[in-house]
Amino acid sequence: GVELDEVRREVAIADLTPTQARVYADELEGRQYELEHGLAEPLVVIDNGGTLYLADGHHRAMAAHEAGIEAMDAYVIVPQTPVDLGMAKTAEKEGLRVVDDIEVVDYARHPLVETTKRLQ
């Protein structure tokens, strides 16, 4: 019952509120490679009353931030009226305000990378 618009635009990494507390170092390396070679997909962001929640692309956003990239292409979902988002509650509970608040996990492999390596 929520009316949405979708726009594609550049978003500033500094303006994003992450909704995921951790990224895996091994996947982060892959996203860094993609960025360096122009292969990165757009982020998915929800513009909820002016607050930009990063819905998908935490590894890409973190890789961009570490590379000094200030803005990225994104699909931005814009509810016509602000919505009570569970991901906003998660971000607040985890103390996530900026991309720098995301923890890089380097003591474990991303589950998909781990499974892929085992199958090779």
# chains A, B, ... in the order shown; residues from 1 in each chain; ligands from 1
$ residues_around --residues "range 77-82 of chain A" --least-positions-apart "3" --cutoff "6 Å" --atoms "only C-alpha atoms" --output "NGL selection string"
:A and (3-6 or 46-49)
$ write_last_selection --atoms "C-alpha atoms" --output "mmCIF file, in the first residue's frame"
data_model
loop_
_atom_site.group_PDB
_atom_site.id
_atom_site.type_symbol
_atom_site.label_atom_id
_atom_site.label_comp_id
_atom_site.auth_asym_id
_atom_site.auth_seq_id
_atom_site.Cartn_x
_atom_site.Cartn_y
_atom_site.Cartn_z
ATOM 1 C CA GLU A 3 3.425 4.351 -3.402
ATOM 2 C CA LEU A 4 7.030 4.496 -4.568
ATOM 3 C CA ASP A 5 9.083 6.200 -7.201
ATOM 4 C CA GLU A 6 12.378 4.870 -8.486
ATOM 5 C CA ILE A 46 15.929 4.034 -0.041
ATOM 6 C CA ASP A 47 15.386 7.778 0.292
ATOM 7 C CA ASN A 48 13.029 7.805 3.270
ATOM 8 C CA GLY A 49 12.123 11.414 3.971
#
$ closest_atom_pairs --of "range 40-80 of chain A" --to "range 95-106 of chain A" --cutoff "12 Å" --atoms "only C-alpha atoms" --output "tab-separated table"
residue	atom	partner	partner_atom	distance
A:Thr51	CA	A:Arg97	CA	10.4
A:Leu52	CA	A:Arg97	CA	10.4
A:Tyr53	CA	A:Arg97	CA	9.6
A:Leu54	CA	A:Val99	CA	9.3
A:Gly57	CA	A:Val99	CA	11.1
A:His58	CA	A:Val99	CA	8.1
A:His59	CA	A:Val104	CA	9.3
A:Arg60	CA	A:Val99	CA	10.6
A:Ala61	CA	A:Val99	CA	7.3
A:Met62	CA	A:Val99	CA	6.4
A:Ala63	CA	A:Val99	CA	10.0
A:Ala64	CA	A:Val99	CA	10.0
A:His65	CA	A:Val99	CA	7.6
A:Glu66	CA	A:Asp100	CA	9.3
A:Glu70	CA	A:Val99	CA	11.5
$ atom_distance --atom1 "CA of Leu28 in chain A" --atom2 "CA of Gly50 in chain A"
27.7 Å
$ select_by_dssp --residues "chain A" --states "alpha helix (DSSP H)" --output "PyMOL selection string"
chain A and resi 25-36+58-66+86-94+111-119
$ write_last_selection --atoms "N, CA, C and O atoms" --output "compact mmCIF listing (two decimals), in the first residue's frame"
# COMPACT_ATOMS: atom_id res chain seq x y z
N ALA A 25 35.97 -9.25 4.43
CA ALA A 25 37.17 -8.73 3.78
C ALA A 25 37.38 -9.38 2.41
O ALA A 25 37.78 -8.70 1.46
N ASP A 26 37.11 -10.69 2.29
CA ASP A 26 37.35 -11.35 1.01
C ASP A 26 36.41 -10.83 -0.08
O ASP A 26 36.82 -10.61 -1.21
N GLU A 27 35.16 -10.60 0.25
CA GLU A 27 34.23 -10.05 -0.74
C GLU A 27 34.56 -8.58 -1.01
O GLU A 27 34.41 -8.10 -2.13
N LEU A 28 35.03 -7.88 0.00
CA LEU A 28 35.43 -6.48 -0.17
C LEU A 28 36.53 -6.38 -1.22
O LEU A 28 36.52 -5.49 -2.07
N GLU A 29 37.48 -7.31 -1.19
CA GLU A 29 38.54 -7.33 -2.20
C GLU A 29 37.96 -7.48 -3.60
O GLU A 29 38.43 -6.84 -4.55
N GLY A 30 36.96 -8.34 -3.74
CA GLY A 30 36.33 -8.53 -5.04
C GLY A 30 35.64 -7.27 -5.53
O GLY A 30 35.71 -6.92 -6.71
N ARG A 31 34.98 -6.56 -4.62
CA ARG A 31 34.31 -5.31 -5.00
C ARG A 31 35.33 -4.23 -5.35
O ARG A 31 35.09 -3.41 -6.22
N GLN A 32 36.49 -4.24 -4.69
CA GLN A 32 37.54 -3.29 -5.01
C GLN A 32 38.04 -3.53 -6.44
O GLN A 32 38.23 -2.58 -7.21
N TYR A 33 38.20 -4.79 -6.80
CA TYR A 33 38.61 -5.14 -8.16
C TYR A 33 37.57 -4.65 -9.17
O TYR A 33 37.92 -4.06 -10.20
N GLU A 34 36.30 -4.88 -8.89
CA GLU A 34 35.24 -4.44 -9.79
C GLU A 34 35.26 -2.92 -9.99
O GLU A 34 35.11 -2.44 -11.11
N LEU A 35 35.43 -2.19 -8.90
CA LEU A 35 35.50 -0.72 -8.99
C LEU A 35 36.67 -0.27 -9.86
O LEU A 35 36.52 0.60 -10.71
N GLU A 36 37.82 -0.88 -9.64
CA GLU A 36 39.02 -0.51 -10.38
C GLU A 36 38.86 -0.75 -11.88
O GLU A 36 39.47 -0.08 -12.70
N HIS A 58 26.61 -2.81 0.35
CA HIS A 58 27.50 -2.41 1.44
C HIS A 58 28.97 -2.65 1.10
O HIS A 58 29.82 -1.82 1.39
N HIS A 59 29.28 -3.79 0.48
CA HIS A 59 30.67 -4.07 0.10
C HIS A 59 31.14 -3.06 -0.95
O HIS A 59 32.26 -2.56 -0.87
N ARG A 60 30.29 -2.74 -1.92
CA ARG A 60 30.66 -1.78 -2.97
C ARG A 60 30.86 -0.39 -2.38
O ARG A 60 31.83 0.31 -2.73
N ALA A 61 29.96 0.02 -1.49
CA ALA A 61 30.08 1.35 -0.87
C ALA A 61 31.34 1.44 -0.03
O ALA A 61 32.05 2.46 -0.05
N MET A 62 31.64 0.40 0.70
CA MET A 62 32.83 0.39 1.54
C MET A 62 34.10 0.40 0.68
O MET A 62 35.05 1.14 0.98
N ALA A 63 34.10 -0.37 -0.40
CA ALA A 63 35.25 -0.39 -1.31
C ALA A 63 35.45 0.99 -1.93
O ALA A 63 36.58 1.47 -2.04
N ALA A 64 34.35 1.63 -2.33
CA ALA A 64 34.44 2.97 -2.90
C ALA A 64 34.99 3.96 -1.88
O ALA A 64 35.87 4.77 -2.20
N HIS A 65 34.48 3.89 -0.67
CA HIS A 65 34.94 4.78 0.40
C HIS A 65 36.44 4.61 0.63
O HIS A 65 37.18 5.60 0.72
N GLU A 66 36.90 3.37 0.69
CA GLU A 66 38.32 3.11 0.92
C GLU A 66 39.19 3.58 -0.25
O GLU A 66 40.35 3.92 -0.07
N GLY A 86 12.13 -1.33 8.91
CA GLY A 86 12.85 -2.20 9.84
C GLY A 86 14.35 -2.00 9.74
O GLY A 86 15.06 -2.04 10.73
N MET A 87 14.84 -1.76 8.52
CA MET A 87 16.28 -1.57 8.34
C MET A 87 16.76 -0.28 9.03
O MET A 87 17.90 -0.21 9.46
N ALA A 88 15.89 0.71 9.16
CA ALA A 88 16.26 1.93 9.89
C ALA A 88 16.42 1.62 11.37
O ALA A 88 17.33 2.13 12.03
N LYS A 89 15.54 0.75 11.88
CA LYS A 89 15.66 0.34 13.29
C LYS A 89 16.93 -0.46 13.52
O LYS A 89 17.61 -0.30 14.54
N THR A 90 17.27 -1.32 12.57
CA THR A 90 18.51 -2.10 12.66
C THR A 90 19.71 -1.17 12.67
O THR A 90 20.63 -1.33 13.48
N ALA A 91 19.72 -0.19 11.77
CA ALA A 91 20.83 0.76 11.70
C ALA A 91 20.99 1.49 13.03
O ALA A 91 22.11 1.64 13.54
N GLU A 92 19.88 1.93 13.59
CA GLU A 92 19.94 2.66 14.86
C GLU A 92 20.43 1.75 15.99
O GLU A 92 21.30 2.13 16.78
N LYS A 93 19.90 0.54 16.03
CA LYS A 93 20.30 -0.42 17.07
C LYS A 93 21.79 -0.76 17.00
O LYS A 93 22.45 -0.90 18.02
N GLU A 94 22.32 -0.85 15.78
CA GLU A 94 23.73 -1.19 15.57
C GLU A 94 24.64 0.03 15.64
O GLU A 94 25.86 -0.09 15.53
N PRO A 111 30.19 -16.46 3.38
CA PRO A 111 29.64 -17.81 3.18
C PRO A 111 29.61 -18.25 1.72
O PRO A 111 29.91 -19.40 1.41
N LEU A 112 29.28 -17.37 0.79
CA LEU A 112 29.24 -17.74 -0.62
C LEU A 112 30.64 -18.02 -1.15
O LEU A 112 30.86 -18.98 -1.88
N VAL A 113 31.62 -17.19 -0.76
CA VAL A 113 33.00 -17.40 -1.20
C VAL A 113 33.52 -18.70 -0.63
O VAL A 113 34.16 -19.50 -1.33
N GLU A 114 33.21 -18.98 0.62
CA GLU A 114 33.66 -20.21 1.26
C GLU A 114 33.10 -21.42 0.53
O GLU A 114 33.82 -22.37 0.22
N THR A 115 31.80 -21.41 0.21
CA THR A 115 31.16 -22.52 -0.50
C THR A 115 31.76 -22.69 -1.88
O THR A 115 32.07 -23.80 -2.31
N THR A 116 31.98 -21.60 -2.60
CA THR A 116 32.55 -21.65 -3.94
C THR A 116 33.95 -22.25 -3.91
O THR A 116 34.30 -23.09 -4.74
N LYS A 117 34.78 -21.85 -2.95
CA LYS A 117 36.13 -22.38 -2.84
C LYS A 117 36.11 -23.88 -2.55
O LYS A 117 36.90 -24.63 -3.09
N ARG A 118 35.18 -24.33 -1.72
CA ARG A 118 35.08 -25.75 -1.40
C ARG A 118 34.68 -26.58 -2.61
O ARG A 118 35.09 -27.70 -2.78
N LEU A 119 33.87 -26.01 -3.49
CA LEU A 119 33.36 -26.74 -4.65
C LEU A 119 34.36 -26.77 -5.81
O LEU A 119 34.17 -27.53 -6.75
$ closest_residue --among "A:Ala67, A:Val45, A:Arg22, A:Leu85" --to "Arg8 in chain A" --atoms "only C-alpha atoms"
A:Val45
$ select_by_dssp --residues "chain A" --states "strand (DSSP E or B)" --output "VMD selection string"
chain A and resid 4 to 12 16 to 18 22 to 24 43 to 48 51 to 56 71 to 79 103 to 105
$ residues_around --residues "Asp73 in chain A" --least-positions-apart "6" --cutoff "10 Å" --atoms "only C-alpha atoms" --output "PyMOL selection string"
chain A and resi 8-12+40-44
$ write_last_selection --atoms "C-alpha atoms" --output "PDB file, in the first residue's frame"
ATOM      1  CA  ARG A   8      18.629   6.439 -10.892  1.00  0.00           C
ATOM      2  CA  ARG A   9      21.150   8.987  -9.677  1.00  0.00           C
ATOM      3  CA  GLU A  10      24.522   9.433  -8.079  1.00  0.00           C
ATOM      4  CA  VAL A  11      24.578   9.403  -4.305  1.00  0.00           C
ATOM      5  CA  ALA A  12      27.343  10.645  -2.045  1.00  0.00           C
ATOM      6  CA  ALA A  40      30.548  -2.320 -10.176  1.00  0.00           C
ATOM      7  CA  GLU A  41      26.761  -2.485 -10.217  1.00  0.00           C
ATOM      8  CA  PRO A  42      24.693   0.440  -8.896  1.00  0.00           C
ATOM      9  CA  LEU A  43      23.828   0.588  -5.209  1.00  0.00           C
ATOM     10  CA  VAL A  44      20.237   0.246  -4.029  1.00  0.00           C
TER      11      VAL A  44
END
$ atom_distance --atom1 "CA of Val2 in chain A" --atom2 "CA of Ala71 in chain A"
28.1 Å
$ atom_distance --atom1 "CA of His37 in chain A" --atom2 "CA of Ile69 in chain A"
13.6 Å
